[in-house]
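Chemist: Provided below: entry-v4.cif, containing mmCIF, C-alpha atoms.
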```
data_start
#
loop_
_atom_site.label_atom_id
_atom_site.label_comp_id
_atom_site.auth_asym_id
_atom_site.auth_seq_id
_atom_site.Cartn_x
_atom_site.Cartn_y
_atom_site.Cartn_z
CA MET Q 9 0.00 0.00 0.00
CA ALA Q 10 1.12 3.60 -0.48
CA VAL Q 11 0.86 6.04 2.42
CA ILE Q 12 0.68 9.53 0.92
CA ARG Q 13 0.57 12.67 3.03
CA VAL Q 14 -1.41 15.58 1.64
CA ASP Q 15 -1.87 19.04 3.10
CA SER Q 16 -3.81 20.84 0.40
CA VAL Q 17 -7.56 20.91 -0.01
CA ALA Q 18 -6.99 21.37 -3.74
CA ASP Q 19 -4.97 18.16 -4.16
CA GLU Q 20 -6.59 16.38 -7.12
CA ARG Q 21 -5.90 12.96 -5.60
CA LEU Q 22 -8.68 13.76 -3.12
CA ALA Q 23 -11.27 14.40 -5.83
CA ASP Q 24 -13.39 11.40 -4.78
CA TYR Q 25 -13.86 12.99 -1.35
CA ARG Q 26 -14.37 16.61 -2.28
CA SER Q 27 -17.87 17.70 -1.18
CA LEU Q 28 -19.58 15.00 -3.21
CA THR Q 29 -23.13 13.97 -2.51
CA ASP Q 30 -24.01 10.29 -2.38
CA ILE Q 31 -25.81 10.60 -5.70
CA ALA Q 32 -22.74 12.13 -7.34
CA LEU Q 33 -20.56 9.36 -5.92
CA ARG Q 34 -22.72 6.73 -7.59
CA ARG Q 35 -22.07 8.32 -10.97
CA ARG Q 36 -18.41 9.13 -10.51
CA ILE Q 37 -15.63 7.37 -12.43
CA GLU Q 38 -17.57 4.15 -13.08
CA PRO Q 39 -21.13 4.96 -14.19
CA GLN Q 40 -22.24 1.32 -14.01
CA GLN Q 41 -21.25 0.94 -10.36
CA GLY Q 42 -19.85 4.16 -8.94
CA LEU Q 43 -18.55 4.61 -5.42
CA TYR Q 44 -19.80 4.80 -1.87
CA MET Q 45 -18.19 6.07 1.32
CA ALA Q 46 -17.37 3.92 4.34
CA GLU Q 47 -16.57 5.92 7.48
CA GLY Q 48 -14.53 4.75 10.47
CA ALA Q 49 -12.14 1.84 10.95
CA LYS Q 50 -14.86 -0.59 12.10
CA VAL Q 51 -17.13 0.10 9.13
CA ILE Q 52 -14.23 0.05 6.67
CA GLY Q 53 -13.08 -3.26 8.12
CA ARG Q 54 -16.53 -4.78 7.71
CA ALA Q 55 -16.74 -3.56 4.12
CA LEU Q 56 -13.37 -5.12 3.32
CA ALA Q 57 -14.30 -8.36 5.10
CA ALA Q 58 -17.39 -8.55 2.88
CA GLY Q 59 -15.15 -8.44 -0.18
CA HIS Q 60 -15.78 -4.83 -1.20
CA ARG Q 61 -12.87 -3.17 -2.99
CA PRO Q 62 -11.46 0.19 -1.85
CA ARG Q 63 -10.42 2.75 -4.44
CA SER Q 64 -8.53 4.75 -1.79
CA VAL Q 65 -8.62 5.66 1.90
CA LEU Q 66 -8.42 9.11 3.50
CA VAL Q 67 -7.38 9.31 7.17
CA SER Q 68 -6.06 11.63 9.83
CA GLU Q 69 -2.64 10.78 11.28
CA ARG Q 70 -4.21 9.58 14.51
CA TRP Q 71 -6.14 6.80 12.72
CA LEU Q 72 -3.44 5.64 10.31
CA ALA Q 73 -2.19 2.80 12.52
CA SER Q 74 -5.69 1.30 12.81
CA ILE Q 75 -6.33 1.48 9.06
CA GLU Q 76 -3.02 0.24 7.64
CA PRO Q 77 -3.48 -3.42 8.67
CA LEU Q 78 -6.90 -3.53 6.98
CA VAL Q 79 -5.92 -2.36 3.52
CA ASP Q 80 -4.26 -4.47 0.83
CA GLN Q 81 -1.17 -3.40 -1.04
CA GLY Q 82 -1.87 -1.17 -4.00
CA THR Q 83 -4.57 0.86 -2.27
CA PRO Q 84 -3.44 4.45 -1.67
CA ILE Q 85 -3.93 5.78 1.87
CA TYR Q 86 -4.02 9.57 1.93
CA VAL Q 87 -3.12 11.10 5.30
CA ALA Q 88 -4.30 14.65 5.97
CA PRO Q 89 -4.76 16.97 8.97
CA PRO Q 90 -8.34 17.06 10.39
CA PRO Q 91 -9.03 20.59 9.03
CA VAL Q 92 -8.13 19.39 5.53
CA LEU Q 93 -10.41 16.36 5.89
CA GLU Q 94 -13.31 18.56 6.92
CA SER Q 95 -12.67 21.12 4.19
CA VAL Q 96 -12.41 18.46 1.50
CA THR Q 97 -15.45 16.43 2.49
CA GLY Q 98 -17.68 19.24 3.65
CA TYR Q 99 -18.44 17.66 7.02
CA ASP Q 100 -16.67 16.73 10.27
CA VAL Q 101 -15.16 13.27 9.86
CA HIS Q 102 -15.79 12.15 13.44
CA ARG Q 103 -14.04 8.80 13.18
CA GLY Q 104 -11.01 10.09 11.31
CA ALA Q 105 -11.15 7.76 8.32
CA LEU Q 106 -13.04 7.50 5.04
CA ALA Q 107 -12.73 4.93 2.29
CA ALA Q 108 -13.96 5.44 -1.26
CA MET Q 109 -15.30 1.97 -2.05
CA HIS Q 110 -16.30 0.48 -5.41
CA ARG Q 111 -19.96 -0.46 -5.43
CA PRO Q 112 -20.43 -4.22 -5.77
CA ASP Q 113 -22.77 -5.88 -8.25
CA LEU Q 114 -26.08 -6.65 -6.53
CA PRO Q 115 -27.19 -10.30 -6.42
CA THR Q 116 -30.57 -11.49 -7.67
CA VAL Q 117 -33.56 -11.76 -5.35
CA ALA Q 118 -33.49 -15.53 -5.80
CA ASP Q 119 -29.88 -15.71 -4.63
CA VAL Q 120 -30.52 -13.51 -1.60
CA VAL Q 121 -33.55 -15.42 -0.30
CA ARG Q 122 -32.55 -18.96 -1.29
CA ASP Q 123 -31.73 -20.10 2.25
CA ALA Q 124 -33.67 -17.43 4.13
CA ARG Q 125 -36.56 -18.00 6.49
CA LEU Q 126 -37.26 -14.39 7.52
CA VAL Q 127 -36.78 -11.54 5.05
CA VAL Q 128 -37.45 -7.84 5.72
CA VAL Q 129 -38.67 -5.82 2.74
CA LEU Q 130 -38.24 -2.02 2.97
CA ASP Q 131 -40.62 -0.03 0.78
CA GLY Q 132 -40.18 3.67 0.07
CA ILE Q 133 -38.19 4.47 3.22
CA VAL Q 134 -36.30 7.60 2.20
CA ASP Q 135 -34.66 8.40 5.53
CA HIS Q 136 -31.15 6.95 5.49
CA THR Q 137 -31.05 6.76 9.28
CA ASN Q 138 -34.10 4.50 9.33
CA VAL Q 139 -32.68 2.28 6.61
CA GLY Q 140 -29.39 1.88 8.49
CA ALA Q 141 -31.19 1.20 11.78
CA ALA Q 142 -33.40 -1.42 10.13
CA PHE Q 143 -30.32 -3.23 8.81
CA ARG Q 144 -28.80 -3.20 12.29
CA SER Q 145 -32.00 -4.72 13.71
CA VAL Q 146 -31.99 -7.41 11.04
CA ALA Q 147 -28.35 -8.27 11.73
CA GLY Q 148 -28.64 -8.18 15.50
CA LEU Q 149 -31.98 -9.92 15.96
CA GLY Q 150 -31.70 -12.72 13.47
CA ALA Q 151 -33.51 -12.01 10.20
CA ASP Q 152 -31.77 -13.46 7.17
CA ALA Q 153 -31.92 -10.83 4.42
CA VAL Q 154 -33.25 -7.44 3.33
CA LEU Q 155 -34.90 -6.46 0.07
CA VAL Q 156 -35.40 -2.80 -0.82
CA SER Q 157 -37.98 -1.38 -3.21
CA PRO Q 158 -37.00 0.92 -6.09
CA THR Q 159 -38.03 4.02 -4.11
CA CYS Q 160 -36.21 3.05 -0.90
CA ALA Q 161 -33.08 4.94 0.12
CA ASP Q 162 -29.80 3.31 -0.84
CA PRO Q 163 -28.34 1.16 1.98
CA LEU Q 164 -24.85 2.18 0.82
CA TYR Q 165 -25.40 5.91 1.36
CA ARG Q 166 -22.90 7.18 3.91
CA ARG Q 167 -25.46 7.89 6.62
CA ALA Q 168 -27.17 4.51 6.24
CA VAL Q 169 -23.82 2.69 6.38
CA LYS Q 170 -22.77 4.65 9.46
CA VAL Q 171 -26.01 4.13 11.40
CA SER Q 172 -25.99 0.43 10.55
CA MET Q 173 -22.48 0.15 12.04
CA GLY Q 174 -21.45 -1.62 8.85
CA THR Q 175 -24.09 -4.35 9.08
CA VAL Q 176 -25.21 -3.43 5.54
CA PHE Q 177 -22.10 -5.41 4.54
CA GLN Q 178 -22.95 -8.55 6.50
CA VAL Q 179 -26.68 -8.81 5.77
CA PRO Q 180 -27.51 -10.19 2.30
CA TRP Q 181 -29.60 -7.62 0.41
CA THR Q 182 -30.65 -6.48 -3.03
CA ARG Q 183 -33.28 -4.45 -4.87
CA ILE Q 184 -36.65 -6.05 -5.59
CA GLU Q 185 -38.21 -5.06 -8.90
CA PRO Q 186 -40.77 -4.54 -10.30
CA TRP Q 187 -42.67 -3.22 -7.30
CA PRO Q 188 -44.86 -4.53 -5.83
CA ALA Q 189 -45.25 -7.28 -8.44
CA GLY Q 190 -41.83 -8.58 -7.39
CA LEU Q 191 -43.43 -9.91 -4.20
CA ASP Q 192 -44.88 -12.71 -6.34
CA GLU Q 193 -41.38 -14.15 -6.68
CA LEU Q 194 -41.20 -14.44 -2.89
CA ARG Q 195 -44.61 -16.07 -2.72
CA GLN Q 196 -43.58 -18.59 -5.38
CA ALA Q 197 -40.51 -19.37 -3.28
CA GLY Q 198 -42.77 -20.32 -0.37
CA PHE Q 199 -42.83 -17.08 1.58
CA THR Q 200 -45.90 -15.74 3.35
CA VAL Q 201 -45.95 -12.02 2.57
CA ALA Q 202 -46.95 -9.96 5.62
CA ALA Q 203 -47.40 -6.18 5.43
CA LEU Q 204 -46.77 -4.36 8.70
CA ALA Q 205 -49.40 -1.61 8.73
CA LEU Q 206 -52.39 -0.13 10.48
CA ALA Q 207 -55.66 -1.60 9.21
CA ASP Q 208 -59.02 -2.54 10.68
CA ASP Q 209 -58.61 -6.14 9.55
CA ALA Q 210 -54.96 -6.49 10.63
CA VAL Q 211 -53.90 -9.43 12.75
CA SER Q 212 -51.73 -8.74 15.78
CA LEU Q 213 -48.02 -9.48 15.49
CA GLY Q 214 -48.23 -11.99 18.33
CA ASP Q 215 -51.04 -13.96 16.68
CA PHE Q 216 -49.22 -13.92 13.34
CA ALA Q 217 -46.02 -15.18 14.96
CA ALA Q 218 -47.95 -17.94 16.76
CA ALA Q 219 -49.24 -19.23 13.41
CA GLY Q 220 -45.74 -20.55 12.73
CA HIS Q 221 -45.37 -19.70 9.04
CA GLU Q 222 -42.36 -21.51 7.59
CA ARG Q 223 -40.99 -18.57 5.60
CA VAL Q 224 -42.00 -14.92 6.08
CA ALA Q 225 -41.37 -11.78 4.04
CA LEU Q 226 -42.16 -8.81 6.28
CA VAL Q 227 -42.94 -5.67 4.27
CA MET Q 228 -42.44 -2.32 6.00
CA GLY Q 229 -43.20 1.18 4.69
CA ALA Q 230 -42.14 4.71 5.44
CA GLU Q 231 -43.46 6.74 8.33
CA GLY Q 232 -46.31 9.05 7.45
CA ASP Q 233 -47.60 7.59 4.20
CA GLY Q 234 -46.86 4.00 5.21
CA LEU Q 235 -47.23 1.24 2.66
CA SER Q 236 -48.93 2.03 -0.62
CA ARG Q 237 -52.35 0.60 -1.41
CA ASP Q 238 -50.78 -1.61 -4.10
CA ALA Q 239 -48.22 -2.99 -1.66
CA LEU Q 240 -50.92 -3.77 0.89
CA ALA Q 241 -53.00 -5.48 -1.78
CA ALA Q 242 -50.02 -7.62 -2.76
CA ALA Q 243 -49.59 -8.99 0.78
CA ASP Q 244 -51.10 -12.19 2.11
CA HIS Q 245 -51.68 -10.70 5.56
CA VAL Q 246 -51.70 -7.28 7.18
CA VAL Q 247 -49.99 -7.38 10.58
CA THR Q 248 -49.90 -4.74 13.28
CA ILE Q 249 -48.00 -4.20 16.53
CA PRO Q 250 -50.55 -3.62 19.33
CA MET Q 251 -49.87 -0.25 20.96
CA ALA Q 252 -50.73 1.41 24.26
CA GLY Q 253 -50.92 4.93 25.63
CA SER Q 254 -52.83 6.40 22.66
CA VAL Q 255 -49.78 5.86 20.43
CA ASP Q 256 -50.79 4.47 17.05
CA SER Q 257 -47.44 3.20 15.78
CA LEU Q 258 -43.66 3.06 16.17
CA ASN Q 259 -40.90 4.57 14.11
CA VAL Q 260 -40.17 2.13 11.27
CA ALA Q 261 -36.69 1.35 12.60
CA ALA Q 262 -38.10 0.49 16.04
CA ALA Q 263 -40.95 -1.46 14.48
CA SER Q 264 -38.49 -3.54 12.47
CA ALA Q 265 -36.69 -4.53 15.67
CA VAL Q 266 -39.92 -5.51 17.43
CA ALA Q 267 -41.23 -7.50 14.45
CA VAL Q 268 -37.99 -9.35 13.78
CA TRP Q 269 -37.71 -10.24 17.47
CA ALA Q 270 -41.25 -11.61 17.47
CA LEU Q 271 -40.79 -13.67 14.30
CA ARG Q 272 -37.28 -15.03 14.91
CA ARG Q 273 -36.71 -18.73 15.56
#
```
Go through the file and emit its structure as structure tokens.

Modeler:
Amino acid sequence: MAVIRVDSVADERLADYRSLTDIALRRRIEPQQGLYMAEGAKVIGRALAAGHRPRSVLVSERWLASIEPLVDQGTPIYVAPPPVLESVTGYDVHRGALAAMHRPDLPTVADVVRDARLVVVLDGIVDHTNVGAAFRSVAGLGADAVLVSPTCADPLYRRAVKVSMGTVFQVPWTRIEPWPAGLDELRQAGFTVAALALADDAVSLGDFAAAGHERVALVMGAEGDGLSRDALAAADHVVTIPMAGSVDSLNVAAASAVAVWALRR
């Protein structure tokens, strides 16, 4: 590996990091795959362990020793003072390290769910924090995979990766298209499709869990609008988490944790 010290915000070798939005990163250098940012030694390590390839790494001097053992030879490590890091990226790099990672090819839905029993499907969740938190719940509480609809925020956006603590790299996931017709592929694979939503005819989560379905695809929508009418119509069951204290529902990230806990085996 090459350790390169830079002290200028204008250094062209830092172009991948210079005030780029996540959308711009996806289109940069390699239009078919693009880049994403992994932040912090733990997250970078998990990305590398999952087989993702770094294009380069940008660190402060303090974090160099923790990053060097993780990175293969041939990957440039740029070392810069914290003020340069912040000026280049446009935000405070709290954990002192960023890696510009090549986006991997996404697997097929069939490959992702082949050995899964419990799959979480995220529909139209545009808040990256909620997406990252849902992945962390899936990883920590024992679901097997995540599928995301075409309108769902990208799990590889920097904020989603950070909130997930890198679990977006250990949980199998892919996009499910077309939506919601793609749910038919899950049904054909033996999954019971359950939409988590508020509805007069919804069954309680406890009763649904007690039914002992062999394979479950749990579909969750964004806060506010919730699941679309078409997505609800495509489900086999509508399931709800019984609430108390005049509260009608939980944040989608919290709801994912409760539902996965209830349905785990």

Chemist: Nearest to Ala262 (chain Q): which of Q:Val11, Q:Ala107, Q:Val87, Q:Met228 is it, counting only C-alpha atoms?

Modeler: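 The answer is Q:Met228, which sits nearest to Ala262 (chain Q).
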
Chemist: Report as a PyMOL selection string all protein, DNA and RNA residues lying within 7 Å of region 186-191 of chain Q, evaluated on all atoms listed in the file, omitting residues in the same chain fewer than 6 positions from it.

Modeler: chain Q and resi 157+238-239+242

Chemist: The selected residues should be written to file as a short mmCIF file (atom, residue, chain, number, x, y, z; two decimals), in the frame of the given file (atoms: C-alpha atoms).

Modeler:
```
data_model
loop_
_atom_site.label_atom_id
_atom_site.label_comp_id
_atom_site.auth_asym_id
_atom_site.auth_seq_id
_atom_site.Cartn_x
_atom_site.Cartn_y
_atom_site.Cartn_z
CA SER Q 157 -37.98 -1.38 -3.21
CA ASP Q 238 -50.78 -1.61 -4.10
CA ALA Q 239 -48.22 -2.99 -1.66
CA ALA Q 242 -50.02 -7.62 -2.76
#
```

Chemist: Please provide as a list in words all residues within 12 Å of Leu213 (chain Q), with the sequence filter that same-chain residues fewer than 2 positions apart are discarded (counting only C-alpha atoms).

Modeler: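 Here the qualifying residues turn out to be Ala202, Ala203, Leu204, Ala205, Leu206, Ala210, Val211, Asp215, Phe216, Ala217, Ala218, Ala219, Gly220, Leu226, His245, Val246, Val247, Thr248, Ile249, Pro250, Met251, Ala263, Ser264, Val266, Ala267, Val268, Trp269, Ala270 and Leu271 of chain Q.
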
Chemist: Using all atoms listed in the file and a cutoff of 9 Å, can you tell me which residues are near (-1.8, 12.4, 12.0) in the file's coordinates, and write them out as a PyMOL selection string?

Modeler: chain Q and resi 67-72+87-90

Chemist: From (-36.1, -0.3, 6.6), in the file's coordinates, out to 8 Å: which residues are reached, counting all atoms listed in the file? Answer as JSON, numbers by chain.

Modeler: {"Q": [128, 129, 130, 131, 133, 138, 139, 140, 141, 142, 143, 156, 228, 229, 230, 260, 261, 264]}

Chemist: Point out the residue among Q:Val255, Q:Ala108, Q:Ala58, Q:Leu66 with the least atom-to-atom distance to Gln178 (chain Q), counting only C-alpha atoms.

Modeler: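 With only C-alpha atoms as the atom set, the closest residue is Q:Ala58.
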
Chemist: With the cut-off set at 12 Å and counting only C-alpha atoms, tabulate each residue of region 118-192 of chain Q with an atom at most that distance from an atom of region 221-224 of chain Q, showing the nearest atom pair and its distance in Å to one decimal, ordered by chain and increasing number, as CSV.

Modeler:
```
residue,atom,partner,partner_atom,distance
Q:Val121,CA,Q:Arg223,CA,10.0
Q:Arg122,CA,Q:Arg223,CA,10.9
Q:Asp123,CA,Q:Arg223,CA,10.0
Q:Ala124,CA,Q:Arg223,CA,7.6
Q:Arg125,CA,Q:Arg223,CA,4.6
Q:Leu126,CA,Q:Val224,CA,5.0
Q:Val127,CA,Q:Val224,CA,6.3
Q:Val128,CA,Q:Val224,CA,8.4
Q:Val129,CA,Q:Val224,CA,10.2
Q:Ala151,CA,Q:Val224,CA,9.9
Q:Asp152,CA,Q:Val224,CA,10.4
Q:Ala153,CA,Q:Val224,CA,11.0
Q:Val154,CA,Q:Val224,CA,11.8
Q:Leu191,CA,Q:Val224,CA,11.5
```

Chemist: Just to confirm, what's the straight-line distance from CA of Ile85 (chain Q) to CA of Thr175 (chain Q) in Å (one decimal)?

Modeler: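 Going from CA of Ile85 (chain Q) over to CA of Thr175 (chain Q), I get 23.7 Å.
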
Chemist: From the set Q:Ile184, Q:Ala18, Q:Leu240, Q:Ala207, which residue has the shortest atom-to-atom contact distance to Val96 (chain Q), counting all atoms listed in the file?

Modeler: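 Under the stated criterion, the closest residue is Q:Ala18.
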
Chemist: Given the file shown, determine the residues that the PyMOL selection byres ((chain Q and resi 78) around 10) selects; report them as a list in words.

Modeler: Ala49, Lys50, Ile52, Gly53, Arg54, Leu56, Ala57, Ala73, Ser74, Ile75, Glu76, Pro77, Val79, Asp80 and Gln81 of chain Q

Chemist: Residues as selected, C-alpha atoms, written as a short mmCIF file (atom, residue, chain, number, x, y, z; two decimals), in the coordinates of the input, can you do that?

Modeler:
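Dumped to result00.cif:
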```cif
data_model
loop_
_atom_site.label_atom_id
_atom_site.label_comp_id
_atom_site.auth_asym_id
_atom_site.auth_seq_id
_atom_site.Cartn_x
_atom_site.Cartn_y
_atom_site.Cartn_z
CA ALA Q 49 -12.14 1.84 10.95
CA LYS Q 50 -14.86 -0.59 12.10
CA ILE Q 52 -14.23 0.05 6.67
CA GLY Q 53 -13.08 -3.26 8.12
CA ARG Q 54 -16.53 -4.78 7.71
CA LEU Q 56 -13.37 -5.12 3.32
CA ALA Q 57 -14.30 -8.36 5.10
CA ALA Q 73 -2.19 2.80 12.52
CA SER Q 74 -5.69 1.30 12.81
CA ILE Q 75 -6.33 1.48 9.06
CA GLU Q 76 -3.02 0.24 7.64
CA PRO Q 77 -3.48 -3.42 8.67
CA VAL Q 79 -5.92 -2.36 3.52
CA ASP Q 80 -4.26 -4.47 0.83
CA GLN Q 81 -1.17 -3.40 -1.04
#
```
